[in-house]
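Visitor: First the structure, then my questions, so here it is.
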Amino acid sequence: YHIILFQGLIKYIKELLMNKIILKPGKDRSVFRFHPWIFSGAIANTEGNLQEGNLVKVYNSEQRYLATGHCQIGSIAVRILTFEEENIDYNFWKKRIENACQMRKAIGITNSSTNNVFRLIHGEGDHLPGLIVDYYAGVAVVQFHTVGMFLEKENITRALREVLGNKITAIYNKSESTLPYKAAIEPKNGYLYGKAENFIAIENGLKFNVDWLEGQKTGFFIDQRENRSLLEKYAKDKNVLNMFCYTGGFSFYAMRGGAKSVHSVDVSARAIELTKQNVELNFPGDSRHEAFAEEAFKFLESSYGKYDLIILDPPAFAKHQNVLNNAIQGYKKLNRKGIEVIKPGGIIFTFSCSQVMTKELFRQTVFTAAANTGRKIRILHQLTQPADHPVSIYHPEGEYLKGLVLYVE
């Protein structure tokens, strides 16, 4: 009896010490729909010592428990980890990572003989908001996007090692640029486990150098894998222009597809060097490819009537809602110029990776750009991210990659 009483007392004390957020009346509806974000404007009051990255329990105005998550500074005040009253301990992280691995196994991407690169954990899409893990042939490159996830890096590292076993040789943390700059932490890129030099990975049978130390994102844009495969089918006998080429992914797919010529353009000289290396890995000495370190609009101005197929895959023009209008103008200007310069009967692959740019808004923006040119245009495909970048049905914001394939008469 005394033991039970003591355990009850301990539980009561923990409840008193637990950080809490109480929502305003009616602001619990999104939580009942399993949306993983609590916005600051929905909060009536707080209890405890809420520091960025701390675990916090969320209650509605009637003191009913709703969820537990990481609190943070900004308009998104809580990123929800669970809608059940459960311990957020090592077993929690291990189970979530196991579930993510099981999904990749179910879609057949973990045992492909022609592909050893995929996204292992995709934030809210894997019920792990603030955590991204990309897998490169034995190396897991991790990006923490919230302080809460960063503070769990030891548990996450341990769980990755245990779940992946001998399929993991190194874990690299690349979060210097992804964590909130106001947070009271000093994240440094570096290995959390093991070590590996930059090496060659394989995607759909094509080789490429992975530069997780200096490259953008985690080293390669894995999310365009299936869209690159689609482009390969359209490339035969075409003169191809790959704008914002980064490391040349679309370029060497176009070459395998039988393109007559491929021109890769990026403002970064480092990106152009990586593109040349990747093309040489797959097509050594092939004179069909040329690369140019130039500004996009300047290059397009001199490209009228030269290309049958153009890829417009710029970096995110809008990472936040407050710059969305400027981003719309940027996408409109870029697509208008691409449509103007392409040959009659040409094909354009155009993309936006800005999360705040919805697919409806992106399509409307491209429509406006097209209307301004007066050319007749048909949509051949509407594109998105691949299955290893899953979108939670309760979190439509997770569908960040939007693409259109256009036929321009």
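Please note that chains go A, B, ... in the order of the structure tokens, that every chain numbers its residues from 1, and that ligands are numbered from 1 in the order shown.
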Excluding same-chain residues fewer than 5 positions from Arg119 in chain A, what lies within 8 Å of it counting only C-alpha atoms, as a PyMOL selection string?

Guide: chain A and resi 132-135+222+388-389

Visitor: I need the chosen residues saved as a PDB file, in the first residue's frame, with all heavy atoms.

Guide:
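Output file result15.pdb is given in full below:
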ATOM      1  N   ILE A 132      15.735  15.308 -39.936  1.00  0.00           N
ATOM      2  CA  ILE A 132      15.957  14.807 -41.291  1.00  0.00           C
ATOM      3  C   ILE A 132      17.178  13.905 -41.276  1.00  0.00           C
ATOM      4  O   ILE A 132      18.221  14.274 -40.725  1.00  0.00           O
ATOM      5  CB  ILE A 132      16.195  15.960 -42.294  1.00  0.00           C
ATOM      6  CG1 ILE A 132      14.967  16.876 -42.381  1.00  0.00           C
ATOM      7  CG2 ILE A 132      16.573  15.423 -43.664  1.00  0.00           C
ATOM      8  CD1 ILE A 132      13.738  16.225 -42.965  1.00  0.00           C
ATOM      9  N   VAL A 133      17.045  12.721 -41.865  1.00  0.00           N
ATOM     10  CA  VAL A 133      18.197  11.811 -41.990  1.00  0.00           C
ATOM     11  C   VAL A 133      18.214  11.254 -43.415  1.00  0.00           C
ATOM     12  O   VAL A 133      17.244  10.636 -43.866  1.00  0.00           O
ATOM     13  CB  VAL A 133      18.120  10.637 -40.994  1.00  0.00           C
ATOM     14  CG1 VAL A 133      19.352   9.742 -41.164  1.00  0.00           C
ATOM     15  CG2 VAL A 133      18.031  11.137 -39.546  1.00  0.00           C
ATOM     16  N   ASP A 134      19.315  11.510 -44.125  1.00  0.00           N
ATOM     17  CA  ASP A 134      19.520  10.937 -45.452  1.00  0.00           C
ATOM     18  C   ASP A 134      20.595   9.860 -45.377  1.00  0.00           C
ATOM     19  O   ASP A 134      21.615  10.027 -44.692  1.00  0.00           O
ATOM     20  CB  ASP A 134      19.929  12.012 -46.462  1.00  0.00           C
ATOM     21  CG  ASP A 134      18.761  12.904 -46.868  1.00  0.00           C
ATOM     22  OD1 ASP A 134      17.605  12.472 -46.687  1.00  0.00           O
ATOM     23  OD2 ASP A 134      19.003  14.025 -47.348  1.00  0.00           O
ATOM     24  N   TYR A 135      20.356   8.783 -46.104  1.00  0.00           N
ATOM     25  CA  TYR A 135      21.253   7.608 -46.067  1.00  0.00           C
ATOM     26  C   TYR A 135      22.024   7.524 -47.377  1.00  0.00           C
ATOM     27  O   TYR A 135      21.440   7.482 -48.461  1.00  0.00           O
ATOM     28  CB  TYR A 135      20.413   6.346 -45.862  1.00  0.00           C
ATOM     29  CG  TYR A 135      21.214   5.059 -45.794  1.00  0.00           C
ATOM     30  CD1 TYR A 135      21.740   4.603 -44.589  1.00  0.00           C
ATOM     31  CD2 TYR A 135      21.426   4.287 -46.942  1.00  0.00           C
ATOM     32  CE1 TYR A 135      22.458   3.420 -44.519  1.00  0.00           C
ATOM     33  CE2 TYR A 135      22.147   3.109 -46.890  1.00  0.00           C
ATOM     34  CZ  TYR A 135      22.658   2.670 -45.683  1.00  0.00           C
ATOM     35  OH  TYR A 135      23.376   1.493 -45.624  1.00  0.00           O
ATOM     36  N   ILE A 222      18.155  14.340 -52.983  1.00  0.00           N
ATOM     37  CA  ILE A 222      17.555  13.020 -53.141  1.00  0.00           C
ATOM     38  C   ILE A 222      16.108  13.113 -53.599  1.00  0.00           C
ATOM     39  O   ILE A 222      15.594  12.217 -54.277  1.00  0.00           O
ATOM     40  CB  ILE A 222      17.653  12.231 -51.818  1.00  0.00           C
ATOM     41  CG1 ILE A 222      19.123  12.046 -51.418  1.00  0.00           C
ATOM     42  CG2 ILE A 222      16.978  10.878 -51.919  1.00  0.00           C
ATOM     43  CD1 ILE A 222      19.292  11.442 -50.044  1.00  0.00           C
ATOM     44  N   ASP A 388       9.972   8.134 -50.334  1.00  0.00           N
ATOM     45  CA  ASP A 388      10.805   8.163 -49.130  1.00  0.00           C
ATOM     46  C   ASP A 388      10.832   9.553 -48.487  1.00  0.00           C
ATOM     47  O   ASP A 388      11.529   9.761 -47.496  1.00  0.00           O
ATOM     48  CB  ASP A 388      12.236   7.678 -49.431  1.00  0.00           C
ATOM     49  CG  ASP A 388      12.899   8.448 -50.546  1.00  0.00           C
ATOM     50  OD1 ASP A 388      12.198   9.010 -51.401  1.00  0.00           O
ATOM     51  OD2 ASP A 388      14.152   8.480 -50.581  1.00  0.00           O
ATOM     52  N   HIS A 389      10.040  10.491 -49.063  1.00  0.00           N
ATOM     53  CA  HIS A 389       9.788  11.799 -48.459  1.00  0.00           C
ATOM     54  C   HIS A 389       8.283  11.888 -48.186  1.00  0.00           C
ATOM     55  O   HIS A 389       7.569  12.691 -48.769  1.00  0.00           O
ATOM     56  CB  HIS A 389      10.202  12.933 -49.404  1.00  0.00           C
ATOM     57  CG  HIS A 389      11.670  13.025 -49.666  1.00  0.00           C
ATOM     58  ND1 HIS A 389      12.390  12.001 -50.261  1.00  0.00           N
ATOM     59  CD2 HIS A 389      12.556  14.023 -49.424  1.00  0.00           C
ATOM     60  CE1 HIS A 389      13.660  12.380 -50.371  1.00  0.00           C
ATOM     61  NE2 HIS A 389      13.779  13.594 -49.866  1.00  0.00           N
TER      62      HIS A 389
END

Visitor: Quick one: everything within 9 Å of Ser229 in chain A, counting only C-alpha atoms, minus sequence neighbours fewer than 2 positions away in the same chain. Send it as a PyMOL selection string.

Guide: chain A and resi 204+224-227+231-233+250+253-254

Visitor: Write out, as an mmCIF file, in the first residue's frame, the residues just selected, with all heavy atoms.

Guide:
data_model
loop_
_atom_site.group_PDB
_atom_site.id
_atom_site.type_symbol
_atom_site.label_atom_id
_atom_site.label_comp_id
_atom_site.auth_asym_id
_atom_site.auth_seq_id
_atom_site.Cartn_x
_atom_site.Cartn_y
_atom_site.Cartn_z
ATOM 1 N N ASN A 204 19.799 4.957 -59.127
ATOM 2 C CA ASN A 204 19.260 4.382 -60.364
ATOM 3 C C ASN A 204 20.367 3.993 -61.345
ATOM 4 O O ASN A 204 20.255 4.175 -62.554
ATOM 5 C CB ASN A 204 18.280 5.352 -61.037
ATOM 6 C CG ASN A 204 17.002 5.515 -60.237
ATOM 7 O OD1 ASN A 204 16.550 4.584 -59.568
ATOM 8 N ND2 ASN A 204 16.416 6.695 -60.300
ATOM 9 N N GLN A 224 14.629 14.589 -55.892
ATOM 10 C CA GLN A 224 14.344 14.669 -57.322
ATOM 11 C C GLN A 224 14.613 13.352 -58.055
ATOM 12 O O GLN A 224 14.562 13.311 -59.293
ATOM 13 C CB GLN A 224 15.193 15.781 -57.964
ATOM 14 C CG GLN A 224 14.791 17.191 -57.567
ATOM 15 C CD GLN A 224 13.520 17.670 -58.257
ATOM 16 O OE1 GLN A 224 12.714 16.884 -58.726
ATOM 17 N NE2 GLN A 224 13.351 18.970 -58.331
ATOM 18 N N ARG A 225 14.843 12.278 -57.339
ATOM 19 C CA ARG A 225 15.225 11.002 -57.956
ATOM 20 C C ARG A 225 14.231 10.565 -59.040
ATOM 21 O O ARG A 225 14.612 10.261 -60.172
ATOM 22 C CB ARG A 225 15.337 9.927 -56.874
ATOM 23 C CG ARG A 225 15.711 8.535 -57.403
ATOM 24 C CD ARG A 225 15.801 7.521 -56.263
ATOM 25 N NE ARG A 225 14.553 7.416 -55.522
ATOM 26 C CZ ARG A 225 14.392 7.844 -54.262
ATOM 27 N NH1 ARG A 225 15.393 8.392 -53.609
ATOM 28 N NH2 ARG A 225 13.231 7.719 -53.657
ATOM 29 N N GLU A 226 12.958 10.506 -58.714
ATOM 30 C CA GLU A 226 11.968 10.015 -59.671
ATOM 31 C C GLU A 226 11.709 11.014 -60.790
ATOM 32 O O GLU A 226 11.428 10.628 -61.928
ATOM 33 C CB GLU A 226 10.671 9.661 -58.939
ATOM 34 C CG GLU A 226 10.842 8.471 -58.010
ATOM 35 C CD GLU A 226 9.578 8.131 -57.254
ATOM 36 O OE1 GLU A 226 8.515 8.730 -57.529
ATOM 37 O OE2 GLU A 226 9.652 7.251 -56.371
ATOM 38 N N ASN A 227 11.825 12.300 -60.491
ATOM 39 C CA ASN A 227 11.651 13.320 -61.519
ATOM 40 C C ASN A 227 12.815 13.316 -62.505
ATOM 41 O O ASN A 227 12.637 13.586 -63.693
ATOM 42 C CB ASN A 227 11.491 14.689 -60.869
ATOM 43 C CG ASN A 227 10.270 14.754 -59.969
ATOM 44 O OD1 ASN A 227 9.273 14.077 -60.224
ATOM 45 N ND2 ASN A 227 10.336 15.544 -58.909
ATOM 46 N N LEU A 231 12.608 12.704 -66.580
ATOM 47 C CA LEU A 231 13.288 13.547 -67.565
ATOM 48 C C LEU A 231 14.121 12.711 -68.528
ATOM 49 O O LEU A 231 14.184 13.008 -69.729
ATOM 50 C CB LEU A 231 14.170 14.564 -66.852
ATOM 51 C CG LEU A 231 15.001 15.426 -67.801
ATOM 52 C CD1 LEU A 231 14.688 16.897 -67.600
ATOM 53 C CD2 LEU A 231 16.488 15.169 -67.634
ATOM 54 N N GLU A 232 14.745 11.663 -68.031
ATOM 55 C CA GLU A 232 15.559 10.793 -68.877
ATOM 56 C C GLU A 232 14.759 10.277 -70.075
ATOM 57 O O GLU A 232 15.275 10.163 -71.188
ATOM 58 C CB GLU A 232 16.091 9.624 -68.047
ATOM 59 C CG GLU A 232 16.964 8.657 -68.809
ATOM 60 C CD GLU A 232 17.482 7.532 -67.936
ATOM 61 O OE1 GLU A 232 17.273 7.574 -66.710
ATOM 62 O OE2 GLU A 232 18.108 6.604 -68.487
ATOM 63 N N LYS A 233 13.480 10.005 -69.868
ATOM 64 C CA LYS A 233 12.629 9.466 -70.935
ATOM 65 C C LYS A 233 12.315 10.499 -72.012
ATOM 66 O O LYS A 233 11.931 10.141 -73.125
ATOM 67 C CB LYS A 233 11.329 8.924 -70.333
ATOM 68 C CG LYS A 233 11.540 7.791 -69.345
ATOM 69 C CD LYS A 233 10.250 7.388 -68.662
ATOM 70 C CE LYS A 233 10.488 6.299 -67.622
ATOM 71 N NZ LYS A 233 9.246 5.940 -66.879
ATOM 72 N N PHE A 250 20.146 16.217 -62.921
ATOM 73 C CA PHE A 250 19.336 16.152 -64.137
ATOM 74 C C PHE A 250 20.215 16.019 -65.383
ATOM 75 O O PHE A 250 19.801 15.412 -66.374
ATOM 76 C CB PHE A 250 18.457 17.395 -64.261
ATOM 77 C CG PHE A 250 17.213 17.351 -63.409
ATOM 78 C CD1 PHE A 250 17.123 18.112 -62.250
ATOM 79 C CD2 PHE A 250 16.134 16.566 -63.771
ATOM 80 C CE1 PHE A 250 15.983 18.082 -61.461
ATOM 81 C CE2 PHE A 250 14.981 16.522 -62.998
ATOM 82 C CZ PHE A 250 14.908 17.282 -61.836
ATOM 83 N N TYR A 253 21.352 12.324 -66.057
ATOM 84 C CA TYR A 253 20.172 11.538 -66.457
ATOM 85 C C TYR A 253 19.812 11.855 -67.908
ATOM 86 O O TYR A 253 19.455 10.958 -68.685
ATOM 87 C CB TYR A 253 18.983 11.840 -65.553
ATOM 88 C CG TYR A 253 18.911 10.996 -64.305
ATOM 89 C CD1 TYR A 253 19.654 11.318 -63.174
ATOM 90 C CD2 TYR A 253 18.081 9.886 -64.240
ATOM 91 C CE1 TYR A 253 19.585 10.561 -62.022
ATOM 92 C CE2 TYR A 253 17.995 9.112 -63.089
ATOM 93 C CZ TYR A 253 18.753 9.460 -61.980
ATOM 94 O OH TYR A 253 18.670 8.692 -60.840
ATOM 95 N N ALA A 254 19.873 13.138 -68.286
ATOM 96 C CA ALA A 254 19.580 13.532 -69.663
ATOM 97 C C ALA A 254 20.565 12.895 -70.632
ATOM 98 O O ALA A 254 20.184 12.444 -71.725
ATOM 99 C CB ALA A 254 19.617 15.053 -69.786
#

Visitor: Extract, using only C-alpha atoms, all DNA, RNA and protein residues at most 9 Å from range 99-112 of chain A, discarding same-chain residues fewer than 2 positions from it, and format them as a PyMOL selection string.

Guide: chain A and resi 94-97+114-122+126-127+163-164+204+387-388

Visitor: Would you save the residues of that selection, restricted to N, CA and C atoms, as an mmCIF file, in the first residue's frame?

Guide:
data_model
loop_
_atom_site.group_PDB
_atom_site.id
_atom_site.type_symbol
_atom_site.label_atom_id
_atom_site.label_comp_id
_atom_site.auth_asym_id
_atom_site.auth_seq_id
_atom_site.Cartn_x
_atom_site.Cartn_y
_atom_site.Cartn_z
ATOM 1 N N LYS A 94 13.772 4.969 -30.582
ATOM 2 C CA LYS A 94 14.080 3.731 -31.298
ATOM 3 C C LYS A 94 12.863 3.220 -32.069
ATOM 4 N N LYS A 95 11.698 3.251 -31.434
ATOM 5 C CA LYS A 95 10.485 2.765 -32.083
ATOM 6 C C LYS A 95 10.143 3.619 -33.301
ATOM 7 N N ARG A 96 10.262 4.937 -33.179
ATOM 8 C CA ARG A 96 9.950 5.814 -34.312
ATOM 9 C C ARG A 96 10.910 5.574 -35.473
ATOM 10 N N ILE A 97 12.188 5.384 -35.164
ATOM 11 C CA ILE A 97 13.177 5.137 -36.231
ATOM 12 C C ILE A 97 12.951 3.768 -36.857
ATOM 13 N N THR A 114 20.496 -1.075 -57.551
ATOM 14 C CA THR A 114 20.879 0.066 -58.389
ATOM 15 C C THR A 114 20.754 1.395 -57.658
ATOM 16 N N ASN A 115 20.422 1.351 -56.364
ATOM 17 C CA ASN A 115 20.229 2.591 -55.612
ATOM 18 C C ASN A 115 20.616 2.371 -54.150
ATOM 19 N N ASN A 116 21.593 3.123 -53.664
ATOM 20 C CA ASN A 116 21.967 3.009 -52.251
ATOM 21 C C ASN A 116 21.858 4.352 -51.529
ATOM 22 N N VAL A 117 20.932 5.171 -52.014
ATOM 23 C CA VAL A 117 20.709 6.501 -51.462
ATOM 24 C C VAL A 117 19.209 6.708 -51.271
ATOM 25 N N PHE A 118 18.814 7.156 -50.089
ATOM 26 C CA PHE A 118 17.402 7.463 -49.858
ATOM 27 C C PHE A 118 17.256 8.280 -48.585
ATOM 28 N N ARG A 119 16.079 8.896 -48.431
ATOM 29 C CA ARG A 119 15.784 9.601 -47.185
ATOM 30 C C ARG A 119 15.240 8.605 -46.184
ATOM 31 N N LEU A 120 15.889 8.532 -45.045
ATOM 32 C CA LEU A 120 15.514 7.578 -44.003
ATOM 33 C C LEU A 120 14.470 8.148 -43.047
ATOM 34 N N ILE A 121 14.594 9.440 -42.725
ATOM 35 C CA ILE A 121 13.635 10.086 -41.836
ATOM 36 C C ILE A 121 13.293 11.456 -42.416
ATOM 37 N N HIS A 122 11.979 11.713 -42.515
ATOM 38 C CA HIS A 122 11.513 12.939 -43.164
ATOM 39 C C HIS A 122 10.573 13.719 -42.241
ATOM 40 N N ASP A 126 7.403 11.369 -40.917
ATOM 41 C CA ASP A 126 7.715 10.166 -40.144
ATOM 42 C C ASP A 126 7.437 10.377 -38.662
ATOM 43 N N HIS A 127 6.594 11.374 -38.344
ATOM 44 C CA HIS A 127 6.209 11.668 -36.965
ATOM 45 C C HIS A 127 7.421 12.009 -36.104
ATOM 46 N N VAL A 163 19.220 0.256 -34.758
ATOM 47 C CA VAL A 163 18.225 -0.152 -35.753
ATOM 48 C C VAL A 163 18.888 -0.567 -37.070
ATOM 49 N N LEU A 164 19.902 0.186 -37.501
ATOM 50 C CA LEU A 164 20.543 -0.087 -38.791
ATOM 51 C C LEU A 164 21.621 -1.162 -38.710
ATOM 52 N N ASN A 204 19.799 4.957 -59.127
ATOM 53 C CA ASN A 204 19.260 4.382 -60.364
ATOM 54 C C ASN A 204 20.367 3.993 -61.345
ATOM 55 N N ALA A 387 8.433 8.714 -52.595
ATOM 56 C CA ALA A 387 7.792 8.046 -51.459
ATOM 57 C C ALA A 387 8.651 8.019 -50.202
ATOM 58 N N ASP A 388 9.972 8.134 -50.334
ATOM 59 C CA ASP A 388 10.805 8.163 -49.130
ATOM 60 C C ASP A 388 10.832 9.553 -48.487
#

Visitor: Pick out the residues sitting within 12 Å of His145 in chain A, and hand them over as a PyMOL selection string; count only C-alpha atoms, and ignore anything fewer than 6 positions along from it in its own chain.

Guide: chain A and resi 53+70+72+79+122-124+128-133+151-153+173-181+183+187+217

Visitor: For the residues in that selection, give me N, CA and C atoms as a PDB file, in the first residue's frame.

Guide:
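So the final result, stored in again-v7.pdb, reads:
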ATOM      1  N   GLY A  53      13.303  24.011 -26.771  1.00  0.00           N
ATOM      2  CA  GLY A  53      13.797  22.644 -26.830  1.00  0.00           C
ATOM      3  C   GLY A  53      13.267  21.744 -25.735  1.00  0.00           C
ATOM      4  N   HIS A  70       8.010  19.342 -28.455  1.00  0.00           N
ATOM      5  CA  HIS A  70       9.118  20.248 -28.159  1.00  0.00           C
ATOM      6  C   HIS A  70       8.634  21.687 -28.309  1.00  0.00           C
ATOM      7  N   GLN A  72       9.307  25.743 -28.812  1.00  0.00           N
ATOM      8  CA  GLN A  72      10.301  26.530 -29.523  1.00  0.00           C
ATOM      9  C   GLN A  72       9.831  27.973 -29.624  1.00  0.00           C
ATOM     10  N   ARG A  79       6.145  21.664 -31.598  1.00  0.00           N
ATOM     11  CA  ARG A  79       6.096  20.611 -32.619  1.00  0.00           C
ATOM     12  C   ARG A  79       5.787  19.313 -31.879  1.00  0.00           C
ATOM     13  N   HIS A 122      11.979  11.713 -42.515  1.00  0.00           N
ATOM     14  CA  HIS A 122      11.513  12.939 -43.164  1.00  0.00           C
ATOM     15  C   HIS A 122      10.573  13.719 -42.241  1.00  0.00           C
ATOM     16  N   GLY A 123      11.123  14.200 -41.134  1.00  0.00           N
ATOM     17  CA  GLY A 123      10.405  15.116 -40.262  1.00  0.00           C
ATOM     18  C   GLY A 123       8.996  14.680 -39.916  1.00  0.00           C
ATOM     19  N   GLU A 124       8.053  15.591 -40.111  1.00  0.00           N
ATOM     20  CA  GLU A 124       6.655  15.329 -39.781  1.00  0.00           C
ATOM     21  C   GLU A 124       6.100  14.138 -40.537  1.00  0.00           C
ATOM     22  N   LEU A 128       8.422  12.628 -36.731  1.00  0.00           N
ATOM     23  CA  LEU A 128       9.618  13.085 -36.021  1.00  0.00           C
ATOM     24  C   LEU A 128       9.928  14.522 -36.462  1.00  0.00           C
ATOM     25  N   PRO A 129       9.050  15.463 -36.104  1.00  0.00           N
ATOM     26  CA  PRO A 129       9.212  16.842 -36.577  1.00  0.00           C
ATOM     27  C   PRO A 129      10.530  17.457 -36.134  1.00  0.00           C
ATOM     28  N   GLY A 130      11.227  18.041 -37.104  1.00  0.00           N
ATOM     29  CA  GLY A 130      12.512  18.659 -36.812  1.00  0.00           C
ATOM     30  C   GLY A 130      13.708  17.774 -37.058  1.00  0.00           C
ATOM     31  N   LEU A 131      13.485  16.558 -37.586  1.00  0.00           N
ATOM     32  CA  LEU A 131      14.594  15.624 -37.823  1.00  0.00           C
ATOM     33  C   LEU A 131      14.597  15.143 -39.270  1.00  0.00           C
ATOM     34  N   ILE A 132      15.735  15.308 -39.936  1.00  0.00           N
ATOM     35  CA  ILE A 132      15.957  14.807 -41.291  1.00  0.00           C
ATOM     36  C   ILE A 132      17.178  13.905 -41.276  1.00  0.00           C
ATOM     37  N   VAL A 133      17.045  12.721 -41.865  1.00  0.00           N
ATOM     38  CA  VAL A 133      18.197  11.811 -41.990  1.00  0.00           C
ATOM     39  C   VAL A 133      18.214  11.254 -43.415  1.00  0.00           C
ATOM     40  N   LEU A 151      18.890  18.397 -28.883  1.00  0.00           N
ATOM     41  CA  LEU A 151      19.192  17.969 -27.522  1.00  0.00           C
ATOM     42  C   LEU A 151      19.028  16.462 -27.339  1.00  0.00           C
ATOM     43  N   GLU A 152      18.363  15.806 -28.287  1.00  0.00           N
ATOM     44  CA  GLU A 152      18.184  14.343 -28.236  1.00  0.00           C
ATOM     45  C   GLU A 152      19.182  13.614 -29.134  1.00  0.00           C
ATOM     46  N   LYS A 153      20.221  14.312 -29.577  1.00  0.00           N
ATOM     47  CA  LYS A 153      21.117  13.730 -30.581  1.00  0.00           C
ATOM     48  C   LYS A 153      21.787  12.435 -30.111  1.00  0.00           C
ATOM     49  N   ASN A 173      26.584  14.764 -38.384  1.00  0.00           N
ATOM     50  CA  ASN A 173      25.653  15.839 -38.028  1.00  0.00           C
ATOM     51  C   ASN A 173      25.952  17.076 -38.861  1.00  0.00           C
ATOM     52  N   LYS A 174      24.961  17.515 -39.648  1.00  0.00           N
ATOM     53  CA  LYS A 174      25.143  18.708 -40.470  1.00  0.00           C
ATOM     54  C   LYS A 174      24.023  19.704 -40.157  1.00  0.00           C
ATOM     55  N   SER A 175      24.130  20.322 -38.989  1.00  0.00           N
ATOM     56  CA  SER A 175      23.029  21.152 -38.485  1.00  0.00           C
ATOM     57  C   SER A 175      23.418  22.583 -38.166  1.00  0.00           C
ATOM     58  N   GLU A 176      24.636  22.979 -38.490  1.00  0.00           N
ATOM     59  CA  GLU A 176      25.056  24.349 -38.180  1.00  0.00           C
ATOM     60  C   GLU A 176      24.109  25.383 -38.770  1.00  0.00           C
ATOM     61  N   SER A 177      23.641  25.116 -39.993  1.00  0.00           N
ATOM     62  CA  SER A 177      22.836  26.114 -40.703  1.00  0.00           C
ATOM     63  C   SER A 177      21.340  25.862 -40.581  1.00  0.00           C
ATOM     64  N   THR A 178      20.932  24.794 -39.897  1.00  0.00           N
ATOM     65  CA  THR A 178      19.505  24.462 -39.855  1.00  0.00           C
ATOM     66  C   THR A 178      18.854  24.768 -38.519  1.00  0.00           C
ATOM     67  N   LEU A 179      19.649  24.959 -37.474  1.00  0.00           N
ATOM     68  CA  LEU A 179      19.087  25.242 -36.154  1.00  0.00           C
ATOM     69  C   LEU A 179      18.856  26.743 -35.967  1.00  0.00           C
ATOM     70  N   PRO A 180      17.844  27.127 -35.172  1.00  0.00           N
ATOM     71  CA  PRO A 180      17.559  28.549 -34.959  1.00  0.00           C
ATOM     72  C   PRO A 180      18.783  29.291 -34.439  1.00  0.00           C
ATOM     73  N   TYR A 181      19.126  30.382 -35.080  1.00  0.00           N
ATOM     74  CA  TYR A 181      20.366  31.080 -34.718  1.00  0.00           C
ATOM     75  C   TYR A 181      20.272  31.757 -33.349  1.00  0.00           C
ATOM     76  N   ALA A 183      18.978  30.347 -30.705  1.00  0.00           N
ATOM     77  CA  ALA A 183      19.003  29.339 -29.637  1.00  0.00           C
ATOM     78  C   ALA A 183      20.319  29.418 -28.867  1.00  0.00           C
ATOM     79  N   PRO A 187      25.875  24.653 -32.214  1.00  0.00           N
ATOM     80  CA  PRO A 187      26.022  23.392 -32.956  1.00  0.00           C
ATOM     81  C   PRO A 187      27.206  23.444 -33.911  1.00  0.00           C
ATOM     82  N   LYS A 217      22.251  21.126 -48.496  1.00  0.00           N
ATOM     83  CA  LYS A 217      21.384  20.150 -47.831  1.00  0.00           C
ATOM     84  C   LYS A 217      22.260  19.093 -47.157  1.00  0.00           C
TER      85      LYS A 217
END

Visitor: Expressed in Å to a single decimal, how great is the separation between CA of Pro344 in chain A and CA of Gln385 in chain A?

Guide: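 So the answer is 28.7 Å.
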